[in-house]
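> Before anything else, here's the structure in question.
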Amino acid sequence: MTVQKKQAPAAPSGDSSFVRKHLLLIIGAVAGIIVTLFVTNTLFDGSLEKMTDTPTWQNVLLVNALVGGCILLFVVELKRQAIRVLLTVIVALLLGFLVTFVFNLDSADRFRRGEFRAQVISDAEPIETDGVDLEYNKRRGGEFNKPNVVAPVSEIAWTFAGSEGDVVSLLAYAKNRRSDVNVLVELRDASGAVLEQATSATARQVEEIFDDLVSVRDAVIEGYTLPADGVYTLYSRPEEIDTGTVLSEALNQSQLAFEALLLGPIERVNRWGVWIQDAITLILLGMSFAIVFRAQQFSLGAEGQLYFGALVSGIIALNSPHVPGVILIPFIILASATAGFIYGLIPGALKAYLGANELVSTLMLNVIATRFFEMVLNFQLKPPDAGYVASEKFTANAVLPVIVENTQVTIAVFILVIVVLISWLLIRRTPLGYEIRIIGSNLRFADYGGVNSKRTIMLVMAIGGIVAGLAGMHLANGIHRQLILNISFALAFEGVVVALLARLNVLVVPFTGLLYAYLRAGAQFMERDANVSFEVVRMIQAIIILLITAEALVTFFQARQKRADIDETGHAVESLEGADV
Amino acid sequence: MFENVIDGIFSAVFLAAILRVTTPILLPSLGALISEKAGVLNIGLEGMMLSSAFTGVVVSAYSQDWFGAETGVAVGPWLGLLLGVCVSLLLSFVLALFHLDLKGDLFLSGIALNIFGSSATVAIMFELTGDRGNTSTLASLQMPFIHLPDFINQIPLIGPIFFDIFNNQSVMTWIAFVGVFVVSFVMYRMPFGMHLRAVGENPEAAASVGINVKRIRYYALMISGFFAGLGGIHMGMGYLQLFQRDMTAGRGFIALVTPSLGGGTPAGTMVASLVFGFFDALGIRIGSLEIPSQLPQSIPYFATVLALVIYALQRRISQRVSEMRTASGAAFDAAFWGSIQRISILHMLLMMFAVIGVVTSGAILSAPNGFGGAETAVPAGLLIGVVSVALFVIGLPFVTDIFRIQERWMASAAVTIVSLGIYLTLLLALFFEPLLALAVALALSALVWWMIGGRVLMRSGVSNA
């Protein structure tokens, strides 16, 4: 991970036009505007009326404009690397689709199992006979291939008695719309010879003649005249599924799942809110990692710092029900930032002054923080009569004010904008930021150049802690509005991906955070709508990390690119390999 | 109640439990050791353990369907072991491929594998069982347990104790401890081991004498994957008899520290793993006391952080002493500096206890309801806190600068004896009257100080004066 100071591409020769000079800016602006419009349009089904009817629609627009702004920053900051980030995400999504497809290979199984009914319909006089299974016009049912039973029913052969000349119709069908079982039906005589067979029903039979039938997958033998008196058999079993059906079913289901993944989050305003509120947490965590990784410190302490931030802000919120929000909220923000700062200072000091491996120490401190949080919550904050482990709901004055109704999109949006600005100033425009970057690129050089690297390493981890503490505050006082167990839900590692996708550039983190939160929100709706496990998205995440760090994957591409750059500008500009990850 | 815990700790059953819980730490630790020796620390151990545990459990469960109940029960665990280790090897190959050939960052690729292991197991578990937490619906099997022959029990004196500790341990436990010897043999007695260490110490030099650095690192990563796989198998088919979501619970990360705590040798790694096993088993046993379970649960993690600190401090001290040795040449007094080093380690251990005291008091004060109500818990917590902070403050000067032990040896001796005395009093008060315990403890502490090097210090201190 060599973190390099980015050089602006050398300015093209003087006679180039305005468009050429600001090409990236224009591309970014156009992309941003398009996405803003697309999201807003999908959200309100393209109707202006629906938009203006929605309460606080102006704020929805504002947030969407900010989303557009993030895209502008992404394009302008990452330049050609932006293409690689997007390609990586697309490749990972395709691989995820493949996984979903494999998981869905069993979805055709629903045609082989489920509750069914069978009956023989006839206007003829029934014969009184003992020892048969069916009577005319009486339904009988069962369940084919029930999972997890000792002897599942795989076929039935039910007998009925009939006399010569009876006109009978044999039906075998799914019990109701919940059952997709696809059956066939046969009429057999006493010797077992098949007299008639059917695998499906016509649309007319389903809609007009037989009320019981649900779909054309049900099987009907209509109007068969029995040749002689005697006992006949109604035989039925699920039809065999061919490979084509299996594949097309799996494909259909996977498509459904990915539709939910890719379009679910912008279907309605409340789903959109899930996306944005998740994005705020992820962006804060991503900022935390981006700052720390910039100095080549592989600290994964954000999770623990998040827990401490959440705990401190939660305790303050629970203990001050009468303080006006105008005073309380800034105080809570400050307190959670301080908590994160202190908990980040510990591994920072251990690394800087004792050389303790920050990766291991932060992972251990994370567990300690989590356990500590659980203990305090369980024994101190939980109301004694509560059925599950959670604190009381915060009073309204301690909850971050909501800016879009029916969602939990709060003023955290503005806090986030400020955090991004400050981080950018810190990294790019202050002496400390310079020291952080120089330590990240070469520690020995930094020491040689007179940088107090110990102090800087300690500080950078603590600063990362501030941002992570704010993320905890947002989770506690913005989203959950109470303290709950497992409040972070392993979000911290997702922050690593956000920071990496952004190539540790604090101005790009908002975009990658939005992108990743979009995938996460989509995964929730995918699980709800298409019954595909949420974890598939975490697998996609792992693939993204592998692909984005594998520099040699683009070697051949980059070799050509480098030559082109030299030709164009006379300078070798930073190539794709200079990826600062 | 407390006495029960103490009695329990000094029993053969507890020692057997230590071996059982050490196994899933020791196996990946051996893997981490080998990968670290080759200079490519395998961060992905956790993900590999999870994948292999899951594969083992699922294969052992389904093998009963594939081979019939009887053959399945006999063959299943071993087939699970084989396939589980294969999956783990495959993942470590992917890691090696991405790091060594595709030039990906080792740390981040390892993290990616951990995420992959954790998510893929849950996703597939959900597909197979419809459950997201564990595989309790699958009839999975366990690796066989080794029964010792009965005559060992008949050996007088040590026989029964030995029998109690080692009888009925999982075959994986035996594999783990035999593995220590195998790794030791490979590392120090075979050409491959020498190449491995050469590559880790100086890849350029190794390459210059014709060692294929990349190939050795491939092997190292895959061997670490192999051991992680074995560790995972023990988690799913020995330690428990099912797969649980994220069941390794950070053992793959603890395994990253044990080799460096153990001085980079297989035997040292084993000892460090046993220490963690001890804390783990202790945590389980303390769970029977009426204190929040979170406190004992976090002991191993806390111990890791402290161990890192002590390791770093101690390394720095040895460095300074060896610098001094080179500087002063023949005039270097080895016995004297040896005593200083030993005393400084004792200081550090005492500081560690002080930190544990501070944290305990912090825990008590933050959640007094968990410790029997605010009336008793708050004063107790405050007392522990004040005493611990005081012991910390008086001990600090001697940890930050070892020369102070020499210059102000009487103060150092007093600090050692008082701190050690207080901790020993707490322990001895279980067996004796408080005052007697205090006297015995102080005498014992003074003796310990005298034994580990105080006498040398005293002599030189008196002669200097």
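Here's how to read the names in the structure tokens: chain A, B, ... by the order shown, residue numbers from 1 in each chain, ligand numbers from 1 in the order shown.
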Go through chain B residue by residue and, counting only C-alpha atoms, keep those with an atom at most 6 Å from chain A; for each kept residue give the shortest atom pair and its distance in Å to one decimal, ordered by chain and increasing number, as a Markdown table.

| residue | atom | partner | partner_atom | distance |
| --- | --- | --- | --- | --- |
| B:Leu102 | CA | A:Ala552 | CA | 4.6 |
| B:Lys103 | CA | A:Ala550 | CA | 5.4 |
| B:Gly104 | CA | A:Ala550 | CA | 3.8 |
| B:Asp105 | CA | A:Thr549 | CA | 5.9 |
| B:Ser109 | CA | A:Leu546 | CA | 5.4 |
| B:Ala112 | CA | A:Ala542 | CA | 4.5 |
| B:Ile115 | CA | A:Ala542 | CA | 5.8 |
| B:Phe116 | CA | A:Met539 | CA | 5.2 |
| B:Ser119 | CA | A:Glu535 | CA | 5.1 |
| B:Ala123 | CA | A:Glu535 | CA | 5.4 |
| B:Gln294 | CA | A:Arg371 | CA | 5.3 |
| B:Ser298 | CA | A:Ile368 | CA | 5.7 |
| B:Tyr301 | CA | A:Met364 | CA | 5.0 |
| B:Val305 | CA | A:Ser361 | CA | 5.5 |
| B:Leu308 | CA | A:Ala356 | CA | 5.8 |
| B:Ala312 | CA | A:Leu354 | CA | 5.6 |
| B:Ala367 | CA | A:Val376 | CA | 5.1 |
| B:Asn369 | CA | A:Phe379 | CA | 5.5 |
| B:Gly370 | CA | A:Phe379 | CA | 5.1 |
> Next, dump the selected residues to file, keeping only C-alpha atoms, as a JSON list (two decimals), in the first residue's frame.

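Resulting contents of selection_10.json:
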[["chain", "number", "residue", "atom", "x", "y", "z"],
["B", 102, "LEU", "CA", -1.14, -10.83, -8.55],
["B", 103, "LYS", "CA", 0.70, -8.53, -6.14],
["B", 104, "GLY", "CA", -2.26, -7.95, -3.89],
["B", 105, "ASP", "CA", -1.69, -6.67, -0.37],
["B", 109, "SER", "CA", -6.32, -10.18, 0.88],
["B", 112, "ALA", "CA", -11.01, -10.54, 2.31],
["B", 115, "ILE", "CA", -14.95, -12.02, 5.25],
["B", 116, "PHE", "CA", -15.42, -14.67, 2.60],
["B", 119, "SER", "CA", -20.14, -15.06, 4.87],
["B", 123, "ALA", "CA", -24.89, -18.33, 3.18],
["B", 294, "GLN", "CA", -18.58, -10.69, 29.75],
["B", 298, "SER", "CA", -12.75, -10.81, 27.61],
["B", 301, "TYR", "CA", -8.30, -10.67, 24.55],
["B", 305, "VAL", "CA", -2.99, -6.81, 24.53],
["B", 308, "LEU", "CA", 1.90, -7.55, 23.27],
["B", 312, "ALA", "CA", 7.48, -5.12, 23.17],
["B", 367, "ALA", "CA", -22.02, -1.77, 35.93],
["B", 369, "ASN", "CA", -25.65, -3.92, 39.37],
["B", 370, "GLY", "CA", -23.82, -6.84, 37.82]]
> Could you pull the residues within 12 Å of Met451 in chain B, counting only C-alpha atoms, minus those fewer than 5 positions along the same chain, as a list in words?
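Counting only the stated atoms, we get Ser339, Arg342, Ile343, Leu346, Leu444, Ser445, Ala446, Val456, Leu457 and Met458 of chain B.
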> Mind the document's chain letters and residue numbers, and return as a PyMOL selection string the residues of range 406-454 of chain A that DSSP labels alpha helix (DSSP H).
chain A and resi 412-429+431-441+443-448+453-454
> Can you tell me how far CA of Glu249 in chain A sits from CA of Arg237 in chain A, in Å to one decimal?
20.3 Å
> Step one, run DSSP on the backbone; step two, keep only residues of range 56-191 of chain B assigned to strand (DSSP E or B); then write them as a short mmCIF file (atom, residue, chain, number, x, y, z; two decimals) with C-alpha atoms, in the first residue's frame.

data_model
loop_
_atom_site.label_atom_id
_atom_site.label_comp_id
_atom_site.auth_asym_id
_atom_site.auth_seq_id
_atom_site.Cartn_x
_atom_site.Cartn_y
_atom_site.Cartn_z
CA ASN B 134 -25.92 -23.11 13.53
CA PHE B 145 -11.55 -39.73 21.06
CA ILE B 146 -8.43 -41.58 22.10
CA GLN B 169 -8.93 -36.37 24.42
CA SER B 170 -9.92 -35.82 20.82
#
> Would you work out the distance separating CA of Pro28 in chain B from CA of Leu128 in chain B, expressed in Å to one decimal?
27.5 Å
> Could you check which of A:Val85, A:Met51, A:Leu443, A:Met526 is closest to Pro265 in chain A, using only C-alpha atoms?
A:Met526
> Mind pulling up the distance from CA of Leu475 in chain A to CA of Val399 in chain A?
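We find that CA of Val399 in chain A and CA of Leu475 in chain A lie 10.6 Å from each other.
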> Ile254 in chain B: which residues within 12 Å, counting only C-alpha atoms, same-chain residues fewer than 4 positions away excluded, as an MDAnalysis selection string?
(chainID A and resid 359:364 367) or (chainID B and resid 22 24:30 32:33 43 45:46 248:250 258:261 269 272:277 280 300:305 307:308)
> Set the distance at 7 Å and use only C-alpha atoms: which residues neighbour Gly110 in chain B once local chain neighbours fewer than 2 positions away are removed? I'd like the list as a list in words.
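My reading of the contact set: Asn42, Ile43, Gly44, Leu95, Leu106, Phe107, Leu108, Ala112, Leu113 and Asn114 of chain B.
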> Kindly export the residues of the current selection with N, CA and C atoms, as a short mmCIF file (atom, residue, chain, number, x, y, z; two decimals), in the first residue's frame.

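Output (selection.cif):
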data_model
loop_
_atom_site.label_atom_id
_atom_site.label_comp_id
_atom_site.auth_asym_id
_atom_site.auth_seq_id
_atom_site.Cartn_x
_atom_site.Cartn_y
_atom_site.Cartn_z
N ASN B 42 0.01 -15.01 7.60
CA ASN B 42 -1.29 -15.36 7.04
C ASN B 42 -2.41 -14.78 7.91
N ILE B 43 -3.00 -13.66 7.47
CA ILE B 43 -4.06 -13.02 8.25
C ILE B 43 -5.38 -13.78 8.08
N GLY B 44 -5.45 -14.60 7.01
CA GLY B 44 -6.73 -15.23 6.69
C GLY B 44 -7.03 -16.50 7.46
N LEU B 95 -5.07 -17.12 -1.51
CA LEU B 95 -4.35 -16.03 -0.84
C LEU B 95 -2.94 -15.89 -1.42
N LEU B 106 -1.03 -8.41 1.20
CA LEU B 106 -1.24 -9.64 1.97
C LEU B 106 -2.29 -9.44 3.07
N PHE B 107 -2.17 -8.31 3.74
CA PHE B 107 -3.06 -7.99 4.85
C PHE B 107 -4.51 -7.90 4.37
N LEU B 108 -4.72 -7.13 3.27
CA LEU B 108 -6.09 -6.93 2.82
C LEU B 108 -6.66 -8.18 2.18
N ALA B 112 -9.98 -10.14 3.26
CA ALA B 112 -11.01 -10.54 2.31
C ALA B 112 -11.36 -12.01 2.51
N LEU B 113 -10.34 -12.85 2.73
CA LEU B 113 -10.62 -14.27 2.93
C LEU B 113 -11.41 -14.49 4.22
N ASN B 114 -11.10 -13.70 5.24
CA ASN B 114 -11.87 -13.83 6.48
C ASN B 114 -13.33 -13.49 6.26
#
> Counting only C-alpha atoms, what is within 12 Å of Ala108 in chain A, bar same-chain residues fewer than 4 positions away, as a PyMOL selection string?
chain A and resi 101+103-104+112-113+180-182+238-253
> Those residues you just picked out, can you put them in a file as a tab-separated table (two decimals), in the first residue's frame with N, CA and C atoms?

chain	number	residue	atom	x	y	z
A	101	PHE	N	-27.15	-17.65	-8.54
A	101	PHE	CA	-27.67	-18.62	-9.50
A	101	PHE	C	-27.46	-20.03	-8.98
A	103	PHE	N	-27.03	-20.96	-5.89
A	103	PHE	CA	-27.90	-21.17	-4.73
A	103	PHE	C	-29.34	-21.42	-5.16
A	104	ASN	N	-29.72	-20.87	-6.31
A	104	ASN	CA	-31.11	-20.98	-6.75
A	104	ASN	C	-31.35	-22.20	-7.61
A	112	ARG	N	-41.69	-29.99	-7.42
A	112	ARG	CA	-41.70	-31.40	-7.04
A	112	ARG	C	-42.30	-31.65	-5.67
A	113	ARG	N	-42.50	-30.56	-4.92
A	113	ARG	CA	-43.05	-30.81	-3.59
A	113	ARG	C	-44.10	-29.78	-3.24
A	180	ASP	N	-46.65	-24.90	-5.36
A	180	ASP	CA	-46.35	-24.84	-6.79
A	180	ASP	C	-46.19	-26.22	-7.39
A	181	VAL	N	-46.61	-27.25	-6.67
A	181	VAL	CA	-46.32	-28.61	-7.13
A	181	VAL	C	-46.94	-28.84	-8.51
A	182	ASN	N	-46.16	-29.49	-9.38
A	182	ASN	CA	-46.57	-29.73	-10.77
A	182	ASN	C	-46.79	-31.23	-10.93
A	238	PRO	N	-45.54	-36.01	-8.82
A	238	PRO	CA	-45.00	-34.80	-9.45
A	238	PRO	C	-44.30	-35.16	-10.74
A	239	GLU	N	-44.39	-34.27	-11.73
A	239	GLU	CA	-43.72	-34.53	-13.00
A	239	GLU	C	-42.21	-34.40	-12.83
A	240	GLU	N	-41.50	-35.13	-13.69
A	240	GLU	CA	-40.05	-34.98	-13.72
A	240	GLU	C	-39.71	-33.55	-14.17
A	241	ILE	N	-38.63	-33.02	-13.63
A	241	ILE	CA	-38.21	-31.69	-14.10
A	241	ILE	C	-37.02	-31.88	-15.03
A	242	ASP	N	-37.06	-31.25	-16.19
A	242	ASP	CA	-35.90	-31.36	-17.08
A	242	ASP	C	-34.89	-30.26	-16.76
A	243	THR	N	-33.70	-30.43	-17.28
A	243	THR	CA	-32.60	-29.51	-16.96
A	243	THR	C	-32.94	-28.08	-17.38
A	244	GLY	N	-33.60	-27.97	-18.52
A	244	GLY	CA	-33.96	-26.63	-18.99
A	244	GLY	C	-34.79	-25.88	-17.97
A	245	THR	N	-35.80	-26.58	-17.42
A	245	THR	CA	-36.65	-25.93	-16.42
A	245	THR	C	-35.82	-25.51	-15.21
A	246	VAL	N	-34.93	-26.43	-14.78
A	246	VAL	CA	-34.10	-26.12	-13.61
A	246	VAL	C	-33.31	-24.85	-13.85
A	247	LEU	N	-32.66	-24.78	-15.03
A	247	LEU	CA	-31.81	-23.62	-15.31
A	247	LEU	C	-32.64	-22.35	-15.44
A	248	SER	N	-33.75	-22.45	-16.15
A	248	SER	CA	-34.51	-21.22	-16.38
A	248	SER	C	-35.15	-20.74	-15.08
A	249	GLU	N	-35.58	-21.70	-14.25
A	249	GLU	CA	-36.13	-21.30	-12.95
A	249	GLU	C	-35.06	-20.58	-12.11
A	250	ALA	N	-33.83	-21.19	-12.08
A	250	ALA	CA	-32.76	-20.58	-11.29
A	250	ALA	C	-32.44	-19.20	-11.82
A	251	LEU	N	-32.45	-19.07	-13.15
A	251	LEU	CA	-32.15	-17.78	-13.76
A	251	LEU	C	-33.22	-16.76	-13.39
A	252	ASN	N	-34.49	-17.19	-13.48
A	252	ASN	CA	-35.59	-16.29	-13.13
A	252	ASN	C	-35.46	-15.79	-11.71
A	253	GLN	N	-35.22	-16.75	-10.80
A	253	GLN	CA	-35.13	-16.38	-9.38
A	253	GLN	C	-33.95	-15.44	-9.14
> For Phe398 in chain B, work out the shell of residues within 9 Å, counting only C-alpha atoms and skipping chain neighbours fewer than 5 positions away, then give it as a list in words.
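Contacts, in chain order: Ser344, His347, Met348, Phe403, Arg404, Ile405 and Ser412 of chain B.
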> For each of B:Thr23, B:Asn202, B:Thr326, B:Thr71, take the minimum atom-to-atom distance to Ile175 in chain B, counting only C-alpha atoms, then give the residue where this is smallest.
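Of the candidates, the smallest distance to Ile175 in chain B is held by B:Thr23.
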> Determine, counting only C-alpha atoms, which protein, DNA and RNA residues have an atom within 9 Å of an atom of Gly314 in chain A; residues of the same chain fewer than 6 positions away are not included. Present the result as a ChimeraX atom specification.
/A:332,391,394,398,473,476-477,481-483
> Those selected residues, please, written with N, CA and C atoms and delivered as a PDB file, in the first residue's frame.

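Generated file (out_33.pdb):
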ATOM      1  N   ILE A 332     -23.594  15.846  23.084  1.00  0.00           N
ATOM      2  CA  ILE A 332     -23.494  14.414  22.790  1.00  0.00           C
ATOM      3  C   ILE A 332     -22.482  14.174  21.674  1.00  0.00           C
ATOM      4  N   SER A 391     -31.641  -0.666  26.099  1.00  0.00           N
ATOM      5  CA  SER A 391     -31.929   0.411  27.037  1.00  0.00           C
ATOM      6  C   SER A 391     -33.326   0.964  26.739  1.00  0.00           C
ATOM      7  N   PHE A 394     -34.645   6.659  23.860  1.00  0.00           N
ATOM      8  CA  PHE A 394     -34.201   8.005  24.225  1.00  0.00           C
ATOM      9  C   PHE A 394     -35.384   8.957  24.150  1.00  0.00           C
ATOM     10  N   ALA A 398     -32.948  14.042  22.852  1.00  0.00           N
ATOM     11  CA  ALA A 398     -31.626  13.453  22.663  1.00  0.00           C
ATOM     12  C   ALA A 398     -31.483  12.784  21.308  1.00  0.00           C
ATOM     13  N   MET A 473     -22.309   7.351  17.598  1.00  0.00           N
ATOM     14  CA  MET A 473     -23.337   8.298  18.020  1.00  0.00           C
ATOM     15  C   MET A 473     -24.494   8.286  17.023  1.00  0.00           C
ATOM     16  N   ALA A 476     -26.583   5.189  17.560  1.00  0.00           N
ATOM     17  CA  ALA A 476     -27.372   5.183  18.797  1.00  0.00           C
ATOM     18  C   ALA A 476     -28.447   6.262  18.761  1.00  0.00           C
ATOM     19  N   ASN A 477     -28.057   7.511  18.468  1.00  0.00           N
ATOM     20  CA  ASN A 477     -29.007   8.614  18.607  1.00  0.00           C
ATOM     21  C   ASN A 477     -29.729   8.959  17.316  1.00  0.00           C
ATOM     22  N   ARG A 481     -32.094   4.965  18.250  1.00  0.00           N
ATOM     23  CA  ARG A 481     -32.715   5.812  19.269  1.00  0.00           C
ATOM     24  C   ARG A 481     -32.805   5.109  20.618  1.00  0.00           C
ATOM     25  N   GLN A 482     -31.983   4.107  20.799  1.00  0.00           N
ATOM     26  CA  GLN A 482     -31.807   3.447  22.087  1.00  0.00           C
ATOM     27  C   GLN A 482     -30.524   2.642  21.930  1.00  0.00           C
ATOM     28  N   LEU A 483     -30.012   2.112  23.036  1.00  0.00           N
ATOM     29  CA  LEU A 483     -28.841   1.255  22.916  1.00  0.00           C
ATOM     30  C   LEU A 483     -29.318  -0.179  22.827  1.00  0.00           C
TER      31      LEU A 483
END
